[in-house]
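As stored in query.txt (compact mmCIF, C-alpha atoms):
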```
# COMPACT_ATOMS: atom_id res chain seq x y z
CA MET A 1 63.03 187.79 40.27
CA LYS A 2 64.66 184.75 38.69
CA SER A 3 67.23 185.02 35.93
CA ASP A 4 66.88 183.31 32.56
CA CYS A 5 69.21 180.57 33.72
CA GLU A 6 66.79 179.76 36.54
CA ARG A 7 63.41 180.58 34.97
CA GLY A 8 62.04 177.21 33.75
CA VAL A 9 61.16 176.47 30.11
CA HIS A 10 59.01 173.36 30.05
CA GLY A 11 59.44 170.76 27.37
CA ASN A 12 62.29 169.81 25.05
CA ARG A 13 62.99 167.63 22.06
CA THR A 14 62.37 164.44 24.07
CA GLY A 15 59.19 165.74 25.66
CA ILE A 16 60.69 165.45 29.14
CA PRO A 17 59.98 168.52 31.31
CA VAL A 18 63.05 170.27 32.66
CA SER A 19 63.48 172.91 35.32
CA ALA A 20 65.59 175.36 33.28
CA ALA A 21 66.51 175.79 29.64
CA SER A 22 68.13 178.75 27.97
CA VAL A 23 70.23 179.75 25.05
CA ALA A 24 72.77 182.41 25.99
CA SER A 25 75.37 184.38 24.15
CA ALA A 26 77.94 186.38 26.09
CA ILE A 27 79.35 189.52 24.56
CA ASP A 28 82.41 191.06 26.16
CA THR A 29 83.16 194.75 26.35
CA ILE A 30 84.74 194.92 22.88
CA GLY A 31 81.97 193.01 21.17
CA HIS A 32 83.50 189.54 20.76
CA SER A 33 81.38 186.46 21.34
CA VAL A 34 82.42 184.61 24.49
CA PHE A 35 80.07 181.65 24.47
CA ILE A 36 76.85 180.23 23.13
CA ALA A 37 75.36 177.69 25.50
CA PHE A 38 72.29 175.51 25.81
CA THR A 39 71.51 174.23 29.28
CA ALA A 40 68.79 171.90 30.45
CA THR A 41 69.05 170.97 34.10
CA THR A 42 67.14 168.67 36.36
CA THR A 43 66.49 169.55 39.97
CA PHE A 44 69.70 169.90 41.95
CA ASN A 45 70.10 167.51 44.87
CA GLY A 46 72.36 169.76 46.92
CA SER A 47 75.67 168.40 45.65
CA GLU A 48 77.70 170.24 43.07
CA GLN A 49 76.82 169.22 39.51
CA TRP A 50 78.47 170.23 36.25
CA LEU A 51 76.72 169.68 32.93
CA LEU A 52 78.63 168.73 29.80
CA ASP A 53 77.61 171.06 26.97
CA SER A 54 78.81 170.67 23.38
CA GLY A 55 77.17 173.97 22.38
CA CYS A 56 79.06 176.02 24.94
CA SER A 57 82.40 177.56 24.01
CA THR A 58 83.47 178.41 27.57
CA HIS A 59 82.91 177.02 31.06
CA VAL A 60 80.30 178.84 33.18
CA THR A 61 79.31 178.86 36.85
CA GLY A 62 77.25 181.16 39.02
CA VAL A 63 78.97 180.33 42.32
CA ARG A 64 81.94 182.49 43.32
CA GLU A 65 83.07 180.09 46.06
CA TYR A 66 83.91 177.37 43.51
CA PHE A 67 86.94 179.27 42.21
CA SER A 68 90.43 178.38 43.39
CA SER A 69 91.84 181.44 41.59
CA TYR A 70 89.81 184.36 40.36
CA THR A 71 90.37 187.52 38.30
CA PRO A 72 87.62 190.17 38.26
CA PHE A 73 86.93 191.81 34.94
CA GLN A 74 88.35 195.30 34.64
CA PRO A 75 87.19 198.02 34.59
CA GLY A 76 83.86 196.37 35.45
CA PRO A 77 81.42 193.54 34.70
CA ARG A 78 80.85 192.37 31.17
CA ARG A 79 77.27 192.35 29.95
CA ILE A 80 75.74 188.98 29.08
CA ARG A 81 72.72 188.95 26.75
CA VAL A 82 70.41 185.91 27.03
CA VAL A 83 67.86 184.58 24.58
CA ASN A 84 64.96 186.90 25.46
CA GLY A 85 67.10 190.03 25.23
CA MET A 86 67.66 190.48 28.96
CA GLU A 87 71.19 191.14 30.18
CA SER A 88 73.22 189.81 33.08
CA ASP A 89 76.70 190.55 34.41
CA ALA A 90 79.80 188.36 34.08
CA LEU A 91 81.95 189.50 36.99
CA GLY A 92 85.17 187.63 36.26
CA GLU A 93 86.82 184.38 35.32
CA GLY A 94 89.23 181.96 36.91
CA GLU A 95 90.20 178.41 37.74
CA VAL A 96 88.09 175.72 39.43
CA ILE A 97 89.41 172.50 40.98
CA LEU A 98 86.92 169.63 40.76
CA THR A 99 87.30 166.55 42.93
CA VAL A 100 85.70 163.49 41.30
CA ARG A 101 85.47 159.81 42.18
CA ASP A 102 85.98 156.80 39.95
CA GLN A 103 83.12 154.54 38.86
CA ARG A 104 83.26 152.52 42.08
CA GLY A 105 83.39 155.61 44.28
CA ARG A 106 86.66 154.53 45.92
CA ARG A 107 89.39 156.61 44.36
CA GLU A 108 89.40 160.41 44.23
CA THR A 109 91.22 162.59 41.75
CA SER A 110 91.30 166.31 41.12
CA ILE A 111 90.97 167.98 37.75
CA VAL A 112 91.75 171.62 37.07
CA ILE A 113 89.28 173.56 34.91
CA ALA A 114 90.67 176.87 33.69
CA GLY A 115 88.90 179.76 32.00
CA VAL A 116 85.61 179.45 33.92
CA LEU A 117 83.28 182.44 33.50
CA HIS A 118 81.53 183.74 36.64
CA VAL A 119 77.87 184.71 35.95
CA PRO A 120 76.03 185.13 39.29
CA ASP A 121 72.57 185.28 37.65
CA CYS A 122 72.99 181.66 36.56
CA GLY A 123 72.64 180.59 40.20
CA ARG A 124 73.93 177.06 40.71
CA VAL A 125 73.99 176.18 37.01
CA ASN A 126 77.47 174.96 36.04
CA LEU A 127 78.47 174.24 32.44
CA LEU A 128 81.50 172.39 31.10
CA SER A 129 82.36 173.29 27.51
CA VAL A 130 83.28 170.25 25.42
CA SER A 131 85.31 172.35 22.99
CA GLN A 132 87.27 174.05 25.77
CA LEU A 133 87.94 170.70 27.46
CA CYS A 134 89.31 169.30 24.21
CA ASN A 135 91.53 172.37 23.82
CA SER A 136 92.94 171.75 27.31
CA SER A 137 94.38 168.23 26.73
CA TYR A 138 91.15 166.55 27.84
CA SER A 139 88.98 164.37 25.61
CA VAL A 140 85.32 163.39 25.83
CA ASP A 141 83.88 160.10 24.51
CA PHE A 142 80.12 159.68 24.21
CA ASN A 143 78.52 156.24 24.11
CA LYS A 144 75.10 154.85 23.26
CA ASN A 145 74.41 153.76 26.85
CA GLY A 146 73.64 157.31 27.88
CA GLY A 147 76.98 158.18 29.42
CA ALA A 148 80.22 159.98 28.58
CA LEU A 149 83.85 159.36 29.46
CA LEU A 150 86.18 162.22 30.43
CA LYS A 151 89.82 161.40 29.70
CA LYS A 152 93.19 163.10 29.85
CA ASP A 153 96.10 161.84 27.76
CA ASN A 154 93.95 158.81 26.89
CA GLN A 155 93.61 157.87 30.56
CA LEU A 156 90.11 157.63 32.00
CA ILE A 157 89.39 160.16 34.73
CA VAL A 158 85.67 159.75 35.37
CA LYS A 159 82.44 158.57 33.75
CA LEU A 160 79.60 161.08 33.47
CA GLU A 161 76.07 159.90 34.13
CA GLY A 162 73.33 160.27 31.54
CA VAL A 163 70.25 161.91 33.14
CA ASN A 164 67.26 162.80 30.96
CA GLY A 165 69.47 163.26 27.93
CA LEU A 166 72.07 165.28 29.87
CA TYR A 167 75.61 164.35 30.86
CA VAL A 168 76.04 165.18 34.55
CA LEU A 169 79.36 165.28 36.41
CA GLN A 170 78.94 164.86 40.17
CA VAL A 171 81.85 166.42 42.05
CA ARG A 172 82.97 167.21 45.56
CA PRO A 173 84.08 170.86 45.53
CA ARG A 174 87.60 171.79 46.53
CA GLN A 175 87.79 175.52 47.09
CA GLU A 176 90.19 178.29 47.92
CA ASN A 177 89.02 181.33 49.83
CA GLY A 178 91.67 183.75 51.06
CA LYS A 179 94.14 181.67 53.04
CA ALA A 180 91.79 178.68 53.36
CA LEU A 181 93.19 177.00 50.26
CA VAL A 182 91.36 173.71 50.74
CA VAL A 183 88.09 173.62 52.63
CA GLN A 184 87.21 170.88 55.06
CA GLU A 185 84.65 168.60 53.44
CA ASP A 186 81.89 166.63 55.09
CA GLY A 187 83.25 163.66 57.00
CA GLU A 188 86.79 165.02 57.11
CA ASN A 189 88.61 165.82 60.28
CA ALA A 190 91.08 168.66 60.74
CA GLU A 191 94.07 166.39 60.11
CA GLN A 192 92.74 165.27 56.72
CA ALA A 193 91.97 168.84 55.68
CA GLY A 194 95.45 169.91 56.82
CA ALA A 195 97.01 167.10 54.80
CA LYS A 196 95.26 168.37 51.67
CA ARG A 197 96.46 171.92 52.26
CA ALA A 198 100.01 170.68 52.85
CA ALA A 199 99.96 168.53 49.71
CA LEU A 200 98.75 171.46 47.61
CA TRP A 201 101.59 173.72 48.82
CA HIS A 202 104.09 170.87 48.51
CA PHE A 203 103.36 170.94 44.77
CA ARG A 204 103.13 174.73 44.53
CA LEU A 205 106.52 175.15 46.21
CA ALA A 206 108.18 172.84 43.67
CA HIS A 207 108.09 169.71 45.87
CA LEU A 208 109.54 171.31 48.99
CA GLY A 209 109.89 168.90 51.94
CA THR A 210 106.94 168.64 54.32
CA GLU A 211 108.83 169.95 57.35
CA ALA A 212 110.09 172.94 55.37
CA VAL A 213 106.52 173.62 54.19
CA ARG A 214 105.34 173.67 57.82
CA LYS A 215 108.12 176.05 58.91
CA LEU A 216 107.43 178.38 56.01
CA SER A 217 103.71 178.45 56.84
CA ARG A 218 104.48 179.81 60.31
CA GLU A 219 105.74 183.07 58.82
CA ASP A 220 103.62 186.02 57.79
CA ASN A 221 102.98 185.31 54.11
CA GLU A 222 100.21 184.06 51.83
CA ILE A 223 100.74 180.43 52.83
CA PRO A 224 98.06 179.20 55.29
CA LYS A 225 99.12 178.22 58.79
CA LEU A 226 99.73 174.46 58.98
CA ALA A 227 99.87 173.10 62.52
CA VAL A 228 100.82 169.56 61.49
CA VAL A 229 102.08 168.37 58.11
CA PRO A 230 101.92 164.57 57.78
CA ARG A 231 104.63 162.98 55.68
CA CYS A 232 103.22 162.22 52.26
CA VAL A 233 104.38 159.75 49.62
CA CYS A 234 105.14 161.81 46.51
CA LEU A 235 106.18 159.68 43.56
CA GLY A 236 107.71 162.73 41.88
CA CYS A 237 110.05 163.26 44.86
CA ILE A 238 110.92 159.57 45.07
CA TYR A 239 111.75 159.49 41.38
CA GLY A 240 113.59 162.78 41.18
CA LYS A 241 115.51 163.08 44.46
CA MET A 242 117.13 159.70 45.03
CA SER A 243 120.86 160.03 45.69
CA ARG A 244 123.92 158.04 46.66
CA LYS A 245 125.36 158.09 50.18
CA PRO A 246 127.20 161.33 51.03
CA PHE A 247 130.96 161.74 50.87
CA PRO A 248 132.86 162.87 53.96
CA SER A 249 132.52 166.64 54.28
CA LEU A 250 135.49 168.80 53.32
CA LEU A 251 136.47 171.97 55.15
CA LEU A 252 135.99 175.14 53.12
CA ASP A 253 139.00 177.40 52.96
CA SER A 254 136.88 180.51 52.91
CA ARG A 255 133.32 181.77 53.14
CA ALA A 256 131.87 184.87 51.57
CA THR A 257 131.11 187.76 53.93
CA GLN A 258 129.39 190.04 51.42
CA PRO A 259 127.54 189.73 48.09
CA LEU A 260 129.67 188.87 45.05
CA GLU A 261 132.74 188.11 47.14
CA ILE A 262 132.66 184.53 45.84
CA VAL A 263 130.51 183.37 42.91
CA HIS A 264 130.18 179.62 42.39
CA THR A 265 129.36 178.22 38.96
CA ASP A 266 128.99 174.88 37.22
CA ILE A 267 127.36 173.37 34.13
CA THR A 268 124.96 170.41 34.26
CA GLY A 269 124.47 168.21 31.22
CA PRO A 270 124.28 167.24 28.50
CA VAL A 271 120.61 166.32 28.87
CA THR A 272 119.45 163.55 26.55
CA SER A 273 116.37 165.51 25.41
CA GLN A 274 116.73 169.02 24.07
CA SER A 275 114.62 171.70 25.72
CA LEU A 276 111.96 173.54 23.75
CA GLY A 277 114.64 176.12 22.87
CA GLY A 278 117.18 173.47 21.84
CA ALA A 279 119.31 173.66 25.01
CA ILE A 280 121.04 170.61 26.46
CA TYR A 281 122.98 172.27 29.31
CA LEU A 282 122.02 174.20 32.43
CA LEU A 283 124.55 176.81 33.61
CA MET A 284 124.08 178.21 37.12
CA PHE A 285 125.76 181.01 39.04
CA THR A 286 125.34 180.98 42.83
CA ASP A 287 126.37 183.91 45.00
CA GLY A 288 128.23 182.49 48.00
CA TYR A 289 126.88 185.06 50.46
CA THR A 290 123.19 185.31 49.52
CA ARG A 291 122.92 181.82 47.92
CA PHE A 292 120.87 183.46 45.17
CA LYS A 293 120.95 181.42 41.94
CA ILE A 294 120.62 182.57 38.35
CA GLY A 295 120.39 179.96 35.61
CA TYR A 296 120.94 179.93 31.86
CA LEU A 297 119.86 177.30 29.33
CA ILE A 298 122.63 176.87 26.77
CA LYS A 299 123.22 174.72 23.70
CA ARG A 300 127.03 174.55 23.94
CA LYS A 301 129.49 174.84 26.82
CA SER A 302 131.31 177.56 24.89
CA GLU A 303 128.37 179.87 25.69
CA ALA A 304 129.56 180.01 29.32
CA LEU A 305 131.68 183.10 28.64
CA LYS A 306 128.78 185.08 27.19
CA CYS A 307 126.48 184.03 30.05
CA PHE A 308 129.10 185.05 32.64
CA GLN A 309 129.37 188.48 31.05
CA GLU A 310 125.58 188.86 31.27
CA TYR A 311 125.55 187.66 34.90
CA LYS A 312 128.46 189.96 35.79
CA ALA A 313 126.72 193.02 34.34
CA LEU A 314 123.43 192.22 36.07
CA ALA A 315 124.89 191.33 39.48
CA GLU A 316 127.39 194.19 39.66
CA LYS A 317 124.79 196.73 38.57
CA HIS A 318 122.38 195.44 41.22
CA HIS A 319 124.83 195.40 44.15
CA GLU A 320 127.03 198.27 42.91
CA LYS A 321 130.20 196.30 43.65
CA PRO A 322 132.42 194.03 41.54
CA ILE A 323 132.76 190.25 41.58
CA ARG A 324 135.94 189.35 43.45
CA LYS A 325 136.30 185.56 43.02
CA LEU A 326 134.88 182.97 40.64
CA ARG A 327 134.98 179.38 41.90
CA THR A 328 134.74 176.63 39.24
CA ASP A 329 135.63 172.97 38.83
CA GLY A 330 138.35 173.84 36.30
CA GLY A 331 136.36 172.70 33.28
CA GLY A 332 137.58 173.67 29.83
CA GLU A 333 134.78 176.18 29.38
CA TYR A 334 136.21 178.17 32.34
CA THR A 335 139.92 177.80 31.47
CA SER A 336 139.83 178.93 27.84
CA ASN A 337 142.09 181.80 26.80
CA GLU A 338 139.14 184.18 26.34
CA PHE A 339 137.66 183.36 29.76
CA SER A 340 141.01 183.60 31.53
CA HIS A 341 141.79 186.89 29.78
CA LEU A 342 138.45 188.35 30.87
CA LEU A 343 139.04 187.39 34.52
CA LYS A 344 142.53 188.92 34.52
CA LYS A 345 141.32 192.07 32.79
CA LYS A 346 138.52 192.59 35.36
CA GLY A 347 140.66 191.64 38.36
CA ILE A 348 138.58 188.57 39.25
CA GLU A 349 140.44 185.78 41.05
CA ALA A 350 139.90 182.37 39.40
CA GLN A 351 139.49 179.68 42.08
CA ARG A 352 139.57 176.12 40.73
CA THR A 353 138.75 173.06 42.79
CA THR A 354 140.51 169.69 42.65
CA PRO A 355 140.07 168.01 39.23
CA TYR A 356 137.66 165.05 39.06
CA THR A 357 136.57 165.72 42.65
CA PRO A 358 133.13 167.30 42.56
CA GLN A 359 132.93 167.02 46.36
CA SER A 360 135.39 169.91 46.66
CA ASN A 361 133.06 172.11 44.64
CA GLY A 362 130.32 171.51 47.17
CA MET A 363 128.12 174.60 46.81
CA SER A 364 127.70 174.25 43.05
CA GLU A 365 127.26 170.49 43.23
CA ARG A 366 124.59 170.78 45.94
CA ALA A 367 122.83 173.44 43.90
CA ASN A 368 122.92 171.16 40.86
CA ARG A 369 121.55 168.26 42.88
CA THR A 370 118.73 170.36 44.32
CA ILE A 371 117.67 171.89 41.02
CA VAL A 372 118.03 168.69 38.96
CA GLY A 373 116.14 166.66 41.57
CA THR A 374 113.37 169.25 41.73
CA THR A 375 113.22 169.39 37.93
CA ARG A 376 112.75 165.62 37.72
CA ALA A 377 110.09 165.74 40.40
CA LEU A 378 108.19 168.49 38.56
CA LEU A 379 108.28 166.60 35.27
CA HIS A 380 107.35 163.24 36.74
CA ALA A 381 104.54 164.56 38.95
CA VAL A 382 102.52 165.83 35.97
CA SER A 383 103.84 163.36 33.34
CA ALA A 384 105.24 166.22 31.28
CA PRO A 385 107.30 165.48 28.15
CA LYS A 386 111.05 165.54 28.72
CA GLN A 387 111.57 168.49 26.38
CA TYR A 388 109.98 170.67 29.06
CA TRP A 389 112.96 170.09 31.36
CA GLY A 390 114.27 173.62 30.68
CA GLU A 391 111.07 175.30 31.82
CA ALA A 392 110.93 173.01 34.87
CA ALA A 393 114.54 173.82 35.76
CA MET A 394 114.00 177.57 35.57
CA THR A 395 110.87 177.19 37.70
CA ALA A 396 112.86 175.19 40.25
CA ILE A 397 115.49 177.96 40.44
CA TYR A 398 112.79 180.65 40.74
CA VAL A 399 111.02 178.88 43.61
CA ARG A 400 114.16 177.77 45.47
CA ASN A 401 115.41 181.35 45.55
CA ARG A 402 112.27 182.15 47.54
CA LEU A 403 112.57 179.35 50.10
CA PRO A 404 114.51 179.46 53.39
CA THR A 405 117.84 177.67 53.55
CA LYS A 406 119.73 176.41 56.59
CA VAL A 407 122.89 178.36 55.83
CA LEU A 408 121.09 181.72 56.10
CA ALA A 409 120.28 182.92 59.61
CA HIS A 410 116.80 183.66 60.95
CA GLY A 411 115.01 181.73 58.23
CA GLN A 412 116.00 184.16 55.51
CA THR A 413 115.65 183.32 51.84
CA PRO A 414 118.18 183.96 49.04
CA HIS A 415 115.64 186.35 47.50
CA GLU A 416 115.52 188.39 50.71
CA LYS A 417 119.31 188.54 50.98
CA TRP A 418 119.71 189.47 47.31
CA TYR A 419 116.88 192.03 46.97
CA GLY A 420 116.49 193.14 50.59
CA ARG A 421 112.76 192.34 50.77
CA ARG A 422 110.68 189.31 51.64
CA PRO A 423 109.36 187.18 48.77
CA LEU A 424 105.69 186.76 47.89
CA TYR A 425 103.99 183.40 47.36
CA GLY A 426 100.39 184.20 46.45
CA HIS A 427 101.09 184.06 42.69
CA LEU A 428 102.57 180.55 42.75
CA ARG A 429 100.64 177.74 41.06
CA VAL A 430 101.33 174.04 40.63
CA TRP A 431 103.82 173.65 37.78
CA GLY A 432 102.13 171.91 34.88
CA CYS A 433 98.57 172.97 35.73
CA LEU A 434 96.36 174.62 33.14
CA ALA A 435 97.04 178.31 32.71
```
Can the structure from this file be put into structure tokens for me?
Amino acid sequence: MKSDCERGVHGNRTGIPVSAASVASAIDTIGHSVFIAFTATTTFNGSEQWLLDSGCSTHVTGVREYFSSYTPFQPGPRRIRVVNGMESDALGEGEVILTVRDQRGRRETSIVIAGVLHVPDCGRVNLLSVSQLCNSSYSVDFNKNGGALLKKDNQLIVKLEGVNGLYVLQVRPRQENGKALVVQEDGENAEQAGAKRAALWHFRLAHLGTEAVRKLSREDNEIPKLAVVPRCVCLGCIYGKMSRKPFPSLLLDSRATQPLEIVHTDITGPVTSQSLGGAIYLLMFTDGYTRFKIGYLIKRKSEALKCFQEYKALAEKHHEKPIRKLRTDGGGEYTSNEFSHLLKKKGIEAQRTTPYTPQSNGMSERANRTIVGTTRALLHAVSAPKQYWGEAAMTAIYVRNRLPTKVLAHGQTPHEKWYGRRPLYGHLRVWGCLA
């Protein structure tokens, strides 16, 4: 028995027969209206089609496999009431990645559609809500030639075809199913499909290097196994990670042998653009043994004392042992009377590196370089405004704590050394995507 989305209603305002037409209103479990949609579809030709609908307040699809991320409704399906009073089930909602081509069919780009409702009874009917697109930084321009332009940040993404009074978006689906994060499309070989999977996780892991992505995929985690990862040209990495030639390495006088034996700290900034919270500095504390980093966004360098007190309470409570040494570059924020008095009172040795020689404060400087470079890459890759640098920096710290580092044996991560358990990756998404 066909659903109302599939049962044809012949005739419309133009007199052109269509294969399906329905008006639907979705009511969730607490009685709020989810969407009101009018669909009129021509016969599907086997490829995935999405219809632009100005009367629909949410995106809808009937195909579960289209979702790249999916959340089932709890405690159960939500009832959907269609025009003739019959009801269907909405099983969940999630995110769909659509791969579209430009007008000449040469260049491909991917767009992320969030908040898509899954209604199996709608079959292969897919609706794109104009209002929800416009609320997600997209814009839609209609023209008298029977077409529509889909734009983001005033840049043209794709032109929709006008078919029998409808605006049809032809796409090539890009799916995620379990660990198969990008399916192999028609005409693609295994190497091309692997390159797409590697590129996706390169972005999800905050622009981690391709070789490191491959090594991480070999372990037992949510990342799919990648046999070969071709080197890709990432403009975000090129822009954010350029550096000068290295200085000759200096011998360290000591290395930590247990957590909190040596804590390294430094302040980066001032940043020309204030963060959303008004911060212009990034303060980081790095444990010398676990290499676990904790960052703070601050407005003034004088806030370093307060942040250190917070870090000290958190770290010592977690490891049940005191901080023994604090290694800094001797900046004024670390040599003030209040800071020095606190270190003496708590029995913490103040280690200060050579003035105006950041090379001697190597661990903090390398941490700054890694986090700042990753932050720039994150911002540049999605063309995010500069005031989001604080959120990008905290994301970079969060992800880097969960990635293996050469200084830790057996491919361990700072998260594993700090918490004693392996990190999870299944919840990671590309920074800057719709959420």
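Residues in contact range of A:Gly115, defined as at most 12 Å between only C-alpha atoms, with sequence neighbours fewer than 4 positions away removed, read A:Val34, A:Phe35, A:Ser57, A:Thr58, A:His59, A:Val60, A:Thr61, A:Phe67, A:Ser68, A:Ser69, A:Tyr70, A:Thr71, A:Gly92, A:Glu93, A:Gly94, A:Glu95, A:Val96, A:Ile97, A:Leu127, A:Leu128, A:Ser129, A:Gln132, A:Leu133, A:Asn135, A:Ser136, A:Leu434, A:Ala435.
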Please indicate the distance in Å from atom CA of A:Tyr398 to atom CA of A:Gly362, rounded to one decimal place.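 It comes out at 20.8 Å.
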Coordinates-based distance that separates atom CA of A:Leu226 from atom CA of A:Trp431 (Å, one decimal):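 So the two atoms, atom CA of A:Trp431 and atom CA of A:Leu226, lie 21.6 Å apart.
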Please, what distance in Å, to one decimal, runs between atom CA of A:Lys325 and atom CA of A:Arg291?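 Atom-to-atom, atom CA of A:Lys325 to atom CA of A:Arg291, that is 14.7 Å.
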For A:Asn401, which residue among A:Ile280, A:Ile348, A:Ala206, A:Val116 is the nearest when counting only C-alpha atoms? A:Ala206
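Across A:Val382, A:Ala148, A:Val63, A:Leu428, the tightest approach to A:Leu235 is made by A:Val382 when counting only C-alpha atoms.
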Which one is closest to A:Ile294: A:Gly277, A:Pro404, A:Gly209, A:Pro414? Count all atoms listed in the file.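 Answer, going by the shortest atom-to-atom distance: A:Pro414.
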Find the residues near A:Leu297: any atom within 8 Å, counting only C-alpha atoms, skip ones fewer than 3 places away on the same chain, and give them as a list of chain:residue names.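 Result of the neighbour search: A:Ala279, A:Ile280, A:Tyr281, A:Leu282, A:Leu283, A:Gly390.
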Write out as a list in words each polymer residue whose atoms come within 12 Å of A:Arg255, counting only C-alpha atoms; drop sequence neighbours fewer than 5 positions from it.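 Here the qualifying residues turn out to be Leu260, Glu261, Ile262, Val263, His264, Asp287, Gly288, Tyr289, Thr290, Arg291, Lys325, Arg327, Met363 and Val407 of chain A.
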Can you tell me which residues surround stretch 302-305 of chain A at a distance of at most 12 Å, considering all atoms listed in the file, apart from same-chain residues fewer than 5 positions away, and format the answer as number ranges by chain? A: 265-268, 279-285, 295-297, 310-312, 328, 331-343
With all atoms listed in the file as the counted atoms, please give the residues lying no more than 9 Å from A:Tyr425, apart from itself and same-chain residues fewer than 6 positions off, as an mmCIF file with C-alpha atoms, in the coordinates of the input.
```cif
data_model
loop_
_atom_site.group_PDB
_atom_site.id
_atom_site.type_symbol
_atom_site.label_atom_id
_atom_site.label_comp_id
_atom_site.auth_asym_id
_atom_site.auth_seq_id
_atom_site.Cartn_x
_atom_site.Cartn_y
_atom_site.Cartn_z
ATOM 1 C CA LEU A 205 106.520 175.150 46.210
ATOM 2 C CA ASN A 221 102.980 185.310 54.110
ATOM 3 C CA GLU A 222 100.210 184.060 51.830
ATOM 4 C CA ILE A 223 100.740 180.430 52.830
ATOM 5 C CA ARG A 402 112.270 182.150 47.540
#
```
My list of candidates is A:Leu403, A:Cys122, A:Ala114, A:Val171. Which is closest to A:Ala90 when distances are computed with all atoms listed in the file?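 Closest residue, counting all atoms listed in the file: A:Cys122.
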Coordinates of stretch 50-66 of chain A, C-alpha atoms, as a compact mmCIF listing (two decimals), in the first residue's frame:
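In the end it all went to out-v5.txt:
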```
# COMPACT_ATOMS: atom_id res chain seq x y z
CA TRP A 50 16.03 17.03 -3.98
CA LEU A 51 13.12 19.41 -4.51
CA LEU A 52 13.25 23.01 -3.35
CA ASP A 53 10.10 23.78 -1.36
CA SER A 54 9.22 27.24 -0.03
CA GLY A 55 6.24 25.86 1.89
CA CYS A 56 8.29 23.38 3.88
CA SER A 57 9.76 24.43 7.21
CA THR A 58 12.17 21.48 7.54
CA HIS A 59 14.13 19.21 5.22
CA VAL A 60 12.62 15.75 4.61
CA THR A 61 13.82 12.48 3.09
CA GLY A 62 12.57 8.92 3.16
CA VAL A 63 15.95 7.24 2.60
CA ARG A 64 17.95 6.31 5.71
CA GLU A 65 21.17 5.69 3.74
CA TYR A 66 21.43 9.37 2.76
```
